[in-house]
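Pasting my_file-v5.cif here (mmCIF, C-alpha atoms and all ligand atoms):
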data_structure
#
loop_
_atom_site.label_atom_id
_atom_site.label_comp_id
_atom_site.auth_asym_id
_atom_site.auth_seq_id
_atom_site.Cartn_x
_atom_site.Cartn_y
_atom_site.Cartn_z
CA MET A 1 9.51 22.74 1.81
CA LYS A 2 11.22 19.64 3.16
CA ILE A 3 9.50 17.78 5.99
CA LEU A 4 10.73 14.70 7.85
CA SER A 5 8.04 12.17 8.73
CA VAL A 6 9.18 9.97 11.60
CA ASN A 7 8.02 6.82 13.37
CA ALA A 8 10.09 5.97 16.45
CA GLY A 9 9.84 2.61 18.16
CA SER A 10 11.67 1.46 21.28
CA SER A 11 14.70 0.29 19.27
CA SER A 12 13.97 1.63 15.79
CA LEU A 13 13.44 4.85 13.91
CA LYS A 14 11.81 5.04 10.49
CA PHE A 15 11.96 8.24 8.47
CA THR A 16 10.76 9.66 5.16
CA LEU A 17 11.94 13.02 3.86
CA ILE A 18 9.19 14.55 1.75
CA GLU A 19 9.13 17.62 -0.50
CA LEU A 20 5.87 19.50 -0.16
CA PRO A 21 3.56 20.54 -1.67
CA ALA A 22 4.93 18.38 -4.51
CA LYS A 23 4.53 15.25 -2.31
CA ASP A 24 7.81 13.79 -3.64
CA VAL A 25 9.66 11.33 -1.42
CA ILE A 26 13.27 12.54 -1.44
CA ALA A 27 14.79 9.87 0.80
CA SER A 28 13.68 7.30 3.34
CA GLY A 29 15.24 4.83 5.72
CA LEU A 30 15.32 2.83 8.87
CA PHE A 31 17.55 2.78 11.95
CA GLU A 32 17.39 -0.63 13.61
CA LYS A 33 18.40 -2.26 16.87
CA ILE A 34 19.17 1.07 18.54
CA GLY A 35 20.76 0.38 21.93
CA LEU A 36 22.01 -3.07 20.88
CA ASN A 37 25.44 -4.17 19.71
CA ASP A 38 24.44 -4.97 16.13
CA SER A 39 22.64 -1.75 15.23
CA CYS A 40 22.61 -0.50 11.66
CA TYR A 41 20.85 1.97 9.40
CA THR A 42 19.66 1.95 5.82
CA ILE A 43 19.04 5.02 3.69
CA LYS A 44 17.27 4.92 0.34
CA TYR A 45 18.03 7.80 -2.00
CA ASN A 46 18.04 8.19 -5.79
CA GLY A 47 17.22 4.51 -6.37
CA GLU A 48 20.12 3.37 -4.17
CA LYS A 49 19.96 1.66 -0.81
CA ILE A 50 22.94 2.12 1.51
CA THR A 51 23.28 0.15 4.73
CA THR A 52 25.79 1.17 7.42
CA ASN A 53 26.63 -1.04 10.39
CA GLU A 54 27.40 1.19 13.31
CA ILE A 55 26.69 1.14 17.02
CA LEU A 56 23.79 3.44 17.86
CA PRO A 57 23.65 3.63 21.67
CA ASP A 58 20.46 5.72 21.74
CA HIS A 59 17.93 7.59 19.61
CA SER A 60 19.82 10.91 19.82
CA VAL A 61 22.88 9.30 18.23
CA ALA A 62 20.63 7.81 15.53
CA VAL A 63 19.12 11.23 14.79
CA ARG A 64 22.58 12.81 14.68
CA LYS A 65 23.72 10.10 12.21
CA LEU A 66 20.59 10.66 10.13
CA ILE A 67 21.22 14.40 9.82
CA ASP A 68 24.95 13.84 9.09
CA ALA A 69 24.06 11.28 6.41
CA LEU A 70 21.50 13.61 4.79
CA ILE A 71 24.14 16.35 4.60
CA ASN A 72 27.04 14.06 3.54
CA MET A 73 24.93 12.51 0.79
CA HIS A 74 24.01 16.05 -0.39
CA ILE A 75 20.33 15.32 0.17
CA ILE A 76 20.15 18.55 2.18
CA SER A 77 22.76 21.29 2.44
CA SER A 78 22.03 22.43 6.01
CA LEU A 79 19.85 21.62 9.02
CA GLU A 80 17.69 24.66 8.31
CA GLU A 81 16.44 23.04 5.13
CA ILE A 82 14.27 20.71 7.19
CA GLU A 83 11.31 22.91 8.03
CA GLY A 84 9.52 20.50 10.30
CA VAL A 85 9.57 17.01 11.76
CA GLY A 86 6.25 15.16 12.03
CA HIS A 87 6.13 12.35 14.57
CA ARG A 88 3.73 9.45 14.59
CA MET A 89 2.32 9.29 18.12
CA VAL A 90 0.21 6.28 18.97
CA HIS A 91 -1.95 7.54 21.83
CA GLY A 92 -3.33 10.97 22.52
CA GLY A 93 -6.11 9.78 24.84
CA GLN A 94 -9.37 11.75 24.65
CA GLU A 95 -7.42 14.98 24.74
CA PHE A 96 -5.64 15.24 21.40
CA SER A 97 -8.16 15.48 18.59
CA LYS A 98 -5.72 17.09 16.14
CA SER A 99 -2.04 17.20 15.34
CA VAL A 100 -0.13 19.56 17.63
CA ILE A 101 3.16 21.43 17.88
CA LEU A 102 5.28 19.52 20.38
CA THR A 103 6.81 21.37 23.32
CA GLU A 104 8.10 20.02 26.63
CA ASP A 105 4.72 20.88 28.17
CA VAL A 106 2.79 18.99 25.44
CA LEU A 107 5.10 15.97 25.85
CA GLU A 108 4.26 15.94 29.57
CA ARG A 109 0.56 15.92 28.70
CA ILE A 110 1.04 13.08 26.18
CA SER A 111 3.00 11.03 28.70
CA LYS A 112 -0.13 10.92 30.88
CA TYR A 113 -1.39 8.36 28.35
CA ASN A 114 1.64 6.08 28.60
CA ASP A 115 -0.42 3.58 30.63
CA LEU A 116 -2.80 3.28 27.68
CA ALA A 117 -0.02 2.46 25.18
CA PRO A 118 2.93 1.29 27.29
CA LEU A 119 4.82 -0.23 24.36
CA HIS A 120 4.46 2.68 21.98
CA ASN A 121 4.01 6.08 23.63
CA PRO A 122 7.24 6.17 25.68
CA ALA A 123 9.17 5.19 22.54
CA ASN A 124 7.43 7.86 20.46
CA ILE A 125 8.26 10.46 23.13
CA MET A 126 11.88 9.30 23.25
CA GLY A 127 12.05 9.85 19.47
CA VAL A 128 10.69 13.38 19.80
CA ARG A 129 13.17 14.25 22.55
CA ALA A 130 16.05 12.98 20.38
CA PHE A 131 14.99 15.28 17.52
CA MET A 132 14.51 18.21 19.94
CA LYS A 133 18.07 17.69 21.13
CA VAL A 134 19.66 17.48 17.67
CA LEU A 135 17.38 20.00 15.92
CA PRO A 136 16.44 22.42 18.75
CA ASN A 137 15.25 25.14 16.37
CA THR A 138 13.12 22.93 14.13
CA LEU A 139 9.34 22.64 14.49
CA GLN A 140 8.30 19.25 15.92
CA VAL A 141 4.72 18.09 15.36
CA GLY A 142 2.82 15.15 16.90
CA VAL A 143 0.30 13.28 14.75
CA PHE A 144 -1.84 10.85 16.75
CA ASP A 145 -3.18 7.48 15.65
CA THR A 146 -6.17 8.04 17.91
CA ALA A 147 -6.99 11.66 16.95
CA PHE A 148 -9.29 11.02 13.97
CA HIS A 149 -11.49 8.81 16.16
CA THR A 150 -12.17 11.44 18.84
CA THR A 151 -15.40 12.40 17.04
CA MET A 152 -17.04 9.13 18.17
CA ALA A 153 -20.10 9.69 20.38
CA GLU A 154 -20.26 8.26 23.89
CA LYS A 155 -22.80 5.65 22.78
CA GLU A 156 -20.20 4.35 20.33
CA PHE A 157 -17.01 4.62 22.36
CA LEU A 158 -18.32 3.32 25.71
CA TYR A 159 -18.21 -0.35 26.61
CA PRO A 160 -21.29 -1.68 28.37
CA VAL A 161 -19.36 -2.20 31.62
CA PRO A 162 -19.65 -0.39 35.00
CA TYR A 163 -19.57 3.32 34.14
CA GLU A 164 -16.87 3.98 36.71
CA TRP A 165 -14.41 1.92 34.65
CA TYR A 166 -14.63 4.80 32.20
CA GLU A 167 -14.81 7.60 34.76
CA LYS A 168 -11.98 6.39 36.99
CA TYR A 169 -9.77 4.40 34.63
CA ASN A 170 -10.43 5.78 31.12
CA VAL A 171 -11.69 2.41 29.84
CA ARG A 172 -13.33 3.20 26.48
CA LYS A 173 -12.81 2.62 22.80
CA TYR A 174 -10.06 4.87 21.37
CA GLY A 175 -9.42 3.35 17.95
CA PHE A 176 -6.13 3.33 16.02
CA HIS A 177 -4.87 3.67 12.40
CA GLY A 178 -6.57 7.08 12.50
CA THR A 179 -3.95 8.75 10.31
CA SER A 180 -4.45 6.11 7.61
CA HIS A 181 -8.26 6.28 7.75
CA ARG A 182 -8.09 10.09 7.60
CA TYR A 183 -5.81 9.94 4.56
CA ILE A 184 -8.13 7.46 2.83
CA ASN A 185 -11.20 9.57 3.60
CA LYS A 186 -9.46 12.68 2.23
CA THR A 187 -8.33 10.86 -0.93
CA ILE A 188 -11.71 9.31 -1.75
CA SER A 189 -13.57 12.56 -0.93
CA GLU A 190 -11.27 14.46 -3.32
CA LEU A 191 -11.62 11.78 -6.00
CA LEU A 192 -15.42 11.78 -5.85
CA ASN A 193 -15.49 15.52 -5.22
CA ARG A 194 -17.78 15.27 -2.19
CA ASN A 195 -17.30 16.17 1.46
CA ASP A 196 -20.49 14.53 2.72
CA LEU A 197 -19.57 10.93 1.90
CA LYS A 198 -20.48 8.00 4.11
CA VAL A 199 -17.35 5.85 3.88
CA ILE A 200 -16.50 2.41 5.25
CA SER A 201 -12.70 2.47 5.31
CA CYS A 202 -11.03 -0.95 5.64
CA HIS A 203 -7.35 -0.84 6.61
CA ILE A 204 -6.23 -4.45 6.19
CA GLY A 205 -2.53 -5.03 6.73
CA ASN A 206 -0.74 -7.02 9.37
CA GLY A 207 -2.85 -5.01 11.80
CA GLY A 208 -6.35 -4.21 10.61
CA SER A 209 -9.27 -1.95 11.40
CA ILE A 210 -12.53 -0.87 9.82
CA THR A 211 -13.88 2.66 10.31
CA ALA A 212 -17.30 4.13 9.61
CA ILE A 213 -16.99 7.78 8.54
CA ASP A 214 -19.81 10.25 7.85
CA SER A 215 -18.93 13.62 6.27
CA GLY A 216 -15.33 13.42 7.46
CA LYS A 217 -16.20 12.40 11.03
CA VAL A 218 -15.62 8.96 12.51
CA VAL A 219 -18.83 7.39 13.76
CA ASP A 220 -17.31 4.09 14.89
CA THR A 221 -14.17 2.02 14.46
CA SER A 222 -13.34 -1.63 15.05
CA MET A 223 -10.20 -1.37 17.19
CA GLY A 224 -10.93 -0.52 20.79
CA PHE A 225 -9.23 0.28 24.07
CA THR A 226 -6.17 -1.28 22.43
CA PRO A 227 -5.45 -2.45 18.85
CA LEU A 228 -6.39 -6.02 19.88
CA ALA A 229 -10.11 -5.56 19.21
CA GLY A 230 -12.17 -5.77 16.02
CA ILE A 231 -11.42 -7.90 12.99
CA MET A 232 -9.08 -10.89 12.89
CA MET A 233 -5.53 -9.76 11.98
CA GLY A 234 -2.13 -11.23 11.11
CA THR A 235 -1.31 -12.19 14.70
CA ARG A 236 -4.15 -10.58 16.72
CA SER A 237 -7.39 -12.35 17.52
CA GLY A 238 -9.73 -9.37 17.15
CA ASP A 239 -12.97 -9.57 19.18
CA ILE A 240 -13.28 -12.54 21.53
CA ASP A 241 -15.26 -13.35 24.67
CA ALA A 242 -13.35 -11.78 27.59
CA SER A 243 -14.12 -14.81 29.85
CA ILE A 244 -11.70 -16.91 27.80
CA LEU A 245 -8.85 -15.23 29.70
CA GLU A 246 -9.97 -16.47 33.12
CA TYR A 247 -10.78 -19.92 31.75
CA MET A 248 -7.38 -20.28 30.05
CA ASN A 249 -5.65 -18.91 33.13
CA ASN A 250 -7.30 -21.69 35.19
CA LYS A 251 -6.53 -24.36 32.61
CA THR A 252 -2.92 -23.49 31.79
CA GLY A 253 -1.65 -21.44 34.73
CA LYS A 254 -0.50 -18.79 32.25
CA SER A 255 -0.93 -15.25 33.57
CA VAL A 256 -3.33 -12.70 32.08
CA SER A 257 -0.37 -10.90 30.61
CA GLU A 258 1.05 -14.06 28.98
CA LEU A 259 -2.37 -14.90 27.55
CA THR A 260 -2.89 -11.32 26.31
CA ASN A 261 0.48 -11.58 24.62
CA GLU A 262 -0.73 -14.75 22.85
CA LEU A 263 -3.87 -12.93 21.74
CA ASN A 264 -1.69 -10.15 20.30
CA LYS A 265 1.20 -12.14 18.85
CA LYS A 266 0.12 -15.76 18.31
CA SER A 267 -3.47 -15.51 17.17
CA GLY A 268 -5.23 -14.32 14.02
CA LEU A 269 -4.05 -15.75 10.68
CA LEU A 270 -0.98 -17.22 12.41
CA GLY A 271 -2.92 -18.85 15.24
CA VAL A 272 -5.61 -20.43 13.08
CA SER A 273 -3.44 -21.47 10.12
CA GLY A 274 -0.45 -22.54 12.22
CA ILE A 275 1.61 -21.41 9.20
CA SER A 276 2.25 -17.69 9.14
CA SER A 277 0.87 -14.26 9.92
CA ASP A 278 1.74 -13.22 6.38
CA SER A 279 -1.31 -13.43 4.16
CA ARG A 280 0.86 -14.38 1.15
CA ASP A 281 2.07 -17.55 2.92
CA VAL A 282 -1.44 -18.40 4.06
CA GLU A 283 -2.77 -17.81 0.52
CA GLN A 284 -0.13 -20.11 -0.94
CA ALA A 285 -0.86 -22.86 1.61
CA ALA A 286 -4.59 -22.52 0.93
CA LEU A 287 -3.90 -22.91 -2.81
CA ASN A 288 -2.01 -26.10 -1.97
CA GLY A 289 -5.13 -27.33 -0.16
CA ASN A 290 -4.00 -26.90 3.45
CA PRO A 291 -7.31 -27.06 5.41
CA ARG A 292 -6.21 -24.80 8.29
CA ALA A 293 -4.97 -22.16 5.82
CA ILE A 294 -8.33 -22.29 4.02
CA LEU A 295 -10.15 -22.01 7.37
CA ALA A 296 -7.99 -19.03 8.43
CA GLN A 297 -8.67 -17.20 5.16
CA GLU A 298 -12.40 -17.82 5.36
CA MET A 299 -12.59 -16.59 8.95
CA TYR A 300 -10.47 -13.53 8.08
CA ALA A 301 -12.70 -12.53 5.16
CA GLN A 302 -15.94 -13.23 7.02
CA LYS A 303 -15.05 -11.09 10.03
CA ILE A 304 -14.20 -8.14 7.78
CA ALA A 305 -17.44 -8.65 5.83
CA ASN A 306 -19.41 -8.73 9.10
CA TYR A 307 -17.97 -5.40 10.22
CA ILE A 308 -18.69 -3.84 6.81
CA ALA A 309 -22.32 -5.00 7.02
CA MET A 310 -22.63 -3.68 10.58
CA TYR A 311 -21.18 -0.29 9.62
CA ASN A 312 -23.40 -0.11 6.55
CA ASN A 313 -26.30 -0.38 8.98
CA LEU A 314 -24.78 2.17 11.38
CA LEU A 315 -24.29 4.67 8.54
CA ASN A 316 -27.79 3.93 7.23
CA GLY A 317 -26.23 2.96 3.90
CA ALA A 318 -22.63 3.71 2.91
CA ASP A 319 -21.80 5.67 -0.27
CA VAL A 320 -18.46 3.97 -0.78
CA ILE A 321 -16.25 1.22 0.65
CA THR A 322 -12.44 1.52 0.51
CA LEU A 323 -9.75 -1.15 0.95
CA THR A 324 -6.18 -0.31 1.87
CA ALA A 325 -2.85 -1.47 3.48
CA GLY A 326 -0.77 -4.55 2.62
CA VAL A 327 -3.62 -7.01 2.10
CA GLY A 328 -6.25 -4.55 0.85
CA GLU A 329 -3.89 -3.01 -1.71
CA ASN A 330 -2.23 -6.20 -2.91
CA SER A 331 -4.34 -9.32 -2.46
CA LYS A 332 -6.95 -9.72 -5.18
CA THR A 333 -7.87 -13.09 -3.64
CA MET A 334 -8.73 -11.62 -0.25
CA ARG A 335 -10.52 -8.65 -1.86
CA LYS A 336 -12.75 -11.07 -3.76
CA MET A 337 -13.36 -13.24 -0.70
CA ILE A 338 -14.47 -10.16 1.28
CA LEU A 339 -16.67 -8.69 -1.45
CA ASP A 340 -18.33 -12.06 -2.13
CA ARG A 341 -19.40 -12.04 1.52
CA ILE A 342 -21.18 -8.66 1.29
CA SER A 343 -23.27 -9.46 -1.78
CA SER A 344 -26.40 -9.04 0.38
CA LEU A 345 -25.57 -5.30 0.38
CA GLY A 346 -25.74 -5.33 -3.41
CA VAL A 347 -21.93 -5.17 -3.77
CA LYS A 348 -20.72 -6.82 -6.99
CA ILE A 349 -17.05 -7.32 -7.72
CA ASP A 350 -15.71 -6.98 -11.28
CA GLU A 351 -13.01 -9.64 -11.40
CA GLU A 352 -11.22 -8.08 -14.37
CA LYS A 353 -11.03 -4.71 -12.65
CA ASN A 354 -9.85 -6.44 -9.46
CA ASP A 355 -6.82 -7.98 -11.20
CA PHE A 356 -4.03 -5.58 -10.11
CA ARG A 357 -2.07 -4.43 -7.07
CA GLY A 358 -1.13 -1.23 -5.33
CA GLU A 359 -3.08 1.46 -7.17
CA LEU A 360 -6.13 3.63 -6.67
CA ARG A 361 -8.88 1.84 -8.62
CA LEU A 362 -12.56 0.92 -8.62
CA ILE A 363 -13.08 -2.85 -8.38
CA THR A 364 -16.86 -3.17 -8.57
CA THR A 365 -19.27 -3.36 -11.51
CA ASP A 366 -21.23 -0.33 -12.69
CA ASP A 367 -24.41 -1.75 -11.15
CA SER A 368 -22.84 -2.51 -7.77
CA LYS A 369 -25.06 -0.82 -5.16
CA ILE A 370 -22.01 0.43 -3.28
CA PRO A 371 -18.79 1.16 -5.22
CA VAL A 372 -15.63 -0.34 -3.72
CA TYR A 373 -12.24 1.31 -4.32
CA VAL A 374 -8.72 0.19 -3.55
CA VAL A 375 -6.95 3.29 -2.20
CA PRO A 376 -3.24 2.98 -1.31
CA THR A 377 -2.61 4.54 2.08
CA ASP A 378 0.23 6.94 2.91
CA GLU A 379 0.52 7.70 6.60
CA GLU A 380 3.96 9.31 6.16
CA LEU A 381 2.53 11.81 3.69
CA MET A 382 -0.44 12.58 5.97
CA ILE A 383 1.98 13.23 8.86
CA ALA A 384 4.08 15.48 6.62
CA LEU A 385 1.01 17.40 5.39
CA ASP A 386 -0.14 18.08 8.95
CA THR A 387 3.39 19.24 9.81
CA MET A 388 3.47 21.57 6.81
CA GLU A 389 0.10 23.03 7.79
CA LEU A 390 1.30 23.80 11.32
CA ALA A 391 4.62 25.10 10.01
CA LEU A 392 2.82 27.55 7.72
CA LYS A 393 0.49 28.68 10.53
CA ASN A 394 3.50 29.10 12.83
CA GLU A 395 5.41 31.38 10.46
P1 LIG B 401 1.58 -3.30 8.74
O1 LIG B 401 0.31 -3.42 9.55
O2 LIG B 401 2.74 -4.01 9.37
O3 LIG B 401 1.87 -1.90 8.25
P2 LIG B 401 1.15 -3.89 5.95
O4 LIG B 401 0.10 -2.89 5.68
O5 LIG B 401 2.48 -3.71 5.35
O6 LIG B 401 1.28 -4.19 7.49
O7 LIG B 401 0.56 -5.31 5.49
C1 LIG B 401 1.27 -6.50 5.62
C2 LIG B 401 0.40 -7.61 5.04
O8 LIG B 401 0.19 -7.36 3.64
C3 LIG B 401 1.05 -8.98 5.16
O9 LIG B 401 0.12 -9.92 5.63
C4 LIG B 401 1.40 -9.28 3.70
O10 LIG B 401 1.32 -10.63 3.45
C5 LIG B 401 0.32 -8.56 2.95
N1 LIG B 401 0.74 -8.40 1.55
C6 LIG B 401 1.70 -7.62 1.05
N2 LIG B 401 1.84 -7.84 -0.29
C7 LIG B 401 0.94 -8.78 -0.62
C8 LIG B 401 0.57 -9.45 -1.84
N3 LIG B 401 1.19 -9.18 -2.98
N4 LIG B 401 -0.40 -10.37 -1.79
C9 LIG B 401 -1.02 -10.65 -0.63
N5 LIG B 401 -0.74 -10.07 0.54
C10 LIG B 401 0.21 -9.16 0.55
#

Show how you would write the structure in this file as structure tokens.
Ligand code: ADP
Amino acid sequence: MKILSVNAGSSSLKFTLIELPAKDVIASGLFEKIGLNDSCYTIKYNGEKITTNEILPDHSVAVRKLIDALINMHIISSLEEIEGVGHRMVHGGQEFSKSVILTEDVLERISKYNDLAPLHNPANIMGVRAFMKVLPNTLQVGVFDTAFHTTMAEKEFLYPVPYEWYEKYNVRKYGFHGTSHRYINKTISELLNRNDLKVISCHIGNGGSITAIDSGKVVDTSMGFTPLAGIMMGTRSGDIDASILEYMNNKTGKSVSELTNELNKKSGLLGVSGISSDSRDVEQAALNGNPRAILAQEMYAQKIANYIAMYNNLLNGADVITLTAGVGENSKTMRKMILDRISSLGVKIDEEKNDFRGELRLITTDDSKIPVYVVPTDEELMIALDTMELALKNE
């Protein structure tokens, strides 16, 4: 069956059309600058990439164009061929612990969490409504970034702040990248043929999070109330002392929201290196001897290593560590820097095995106390698989 996996942003819409159960990507593409004068869309199919410049006033027009293009390019012959649309939803609060069939009533319930993800959730919901309008008879499914993390216990998800912050205002750790961590856990459990694994899953891309998983259930994760917390990222600071906000507000007159924006967009690798948020640029500058690039890389690796060590303790000894996303899948330099910093756990990198990019492979020696695998992530596929499962149940 053909399933569309969709990620809608406020002015963009990314899609992948997947054939299941074969897991083949049939076509993919991106609609950009929706609502602006210079909007365009790109569709990749059969090794070709076609870009069309066309005004897309809103998401419904983009979805209509997408369906027309799929039919005109003979990728599908009719609307009915698409048996489900899976939507990436950022925030499902405490309520949504699994993927769900989206109805108007469910969308209302999801919109209760808009305050918790004001940039993402309204855009995700707008995307769903656009598909409901153009494909009213097609199953729509919501797959939440937060859902996998709803197994965390209160002692893990609570912050040590006045309890009423949680009771009245829902202040707690939610965690993100859940669909990726779930996919990685599924892949490594299938590979090692065990469903009782204790996994430390490291998603290291532009955003980054580390998750401790025991027997398929999340015990703890490094992102928090928002994706700002945890490890250092491309442009996000990760964990910092909250008092810095008041201090910097007094010193600079910048508002809390301006400063929070700097913590999200101007910090991390970019903030420390002063060069780029892209780890390739920072790596190159470090190779050229730039001291701030070297510092940024060392801090980045150390903070990831610290979380791994902490989660190894939490899990009372992990069975396996996995690395994924842009940096984890592609940067042998960063992989080595991280693994060198967890040698106290008995982890030993095999540099020959580590010399590759973008595949599922073991990168540690046979006598490494904990094996470390690179596992390419595939959130689009996970979203499509959940959609297929609900489509089959719904038949
Ligand atoms: P996002 O969080 O936006 O999905 P990605 O998972 O695509 O991010 O990761 C983007 C990061 O991956 C960037 O910092 C980029 O530099 C890094 N990356 C991609 N390819 C390589 C590579 N060959 N070597 C080092 N880093 C890489």

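Each of A:Asn312, A:Ser331, A:Asn114, A:Thr377 was checked against Leu345 in chain A using all atoms listed in the file; the smallest atom-to-atom distance is that of A:Asn312.
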
* Enumerate residues in contact with ligand LIG 401 (chain B): an atom-to-atom distance of at most 8 Å, counting all atoms listed in the file. Format the result as a PyMOL selection string. => chain A and resi 203-208+234+277-281+283+324-334+357

* To do: Tell me, as a list in words, which residues lie within 7 Å of Gly224 in chain A, counting all atoms listed in the file; anything in the same chain fewer than 2 positions away does not count.
  => Lys173, Tyr174, Gly175, Ser222, Thr226, Pro227 and Ala229 of chain A

* Got a sec: who's within 10 Å of range 29-41 of chain A, counting all atoms listed in the file, leaving out chain neighbours fewer than 3 positions off, as a count of residues only? -> 31

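Pairwise distance (CA of Gln140 in chain A, CA of Val100 in chain A) equals 8.6 Å.
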
* Go through A:Thr322, A:Asn290, A:Thr221, A:Gln297 and flag the residue nearest Thr151 in chain A, using all atoms listed in the file for the distances. => A:Thr221

May I have a table of the residues of range 286-381 of chain A lying at most 7 Å from range 268-276 of chain A, giving each one's closest pair of atoms and their distance in Å to one decimal, counting all atoms listed in the file, ordered by chain and ascending residue number, as JSON lines?
{"residue": "A:Arg292", "atom": "CA", "partner": "A:Ser273", "partner_atom": "CA", "distance": 4.7}
{"residue": "A:Ala293", "atom": "CA", "partner": "A:Ser273", "partner_atom": "CA", "distance": 4.6}
{"residue": "A:Ala296", "atom": "CA", "partner": "A:Val272", "partner_atom": "CA", "distance": 5.4}

* Asked: Within 8 Å of His120 in chain A, counting all atoms listed in the file, which residues qualify if same-chain residues fewer than 2 places away don't, as a PyMOL selection string?
  -> chain A and resi 9-10+89-90+114+117-118+122-124

Emit as AutoDock Vina command-line options the padded axis-aligned box for all listed atoms of range 274-285 of chain A, 4 Å per side, with centre and edge lengths in Å to one decimal.
--center_x -0.3 --center_y -18.0 --center_z 5.6 --size_x 13.0 --size_y 17.6 --size_z 21.2

* For Ala22 in chain A, which residue among A:Leu385, A:Leu315, A:Ala391, A:Trp165 is the nearest when counting only C-alpha atoms? -> A:Leu385

* To do: Enter the distance from CA of Arg109 in chain A to CA of Ile125 in chain A, in Å, rounded to one decimal.
  => 11.0 Å
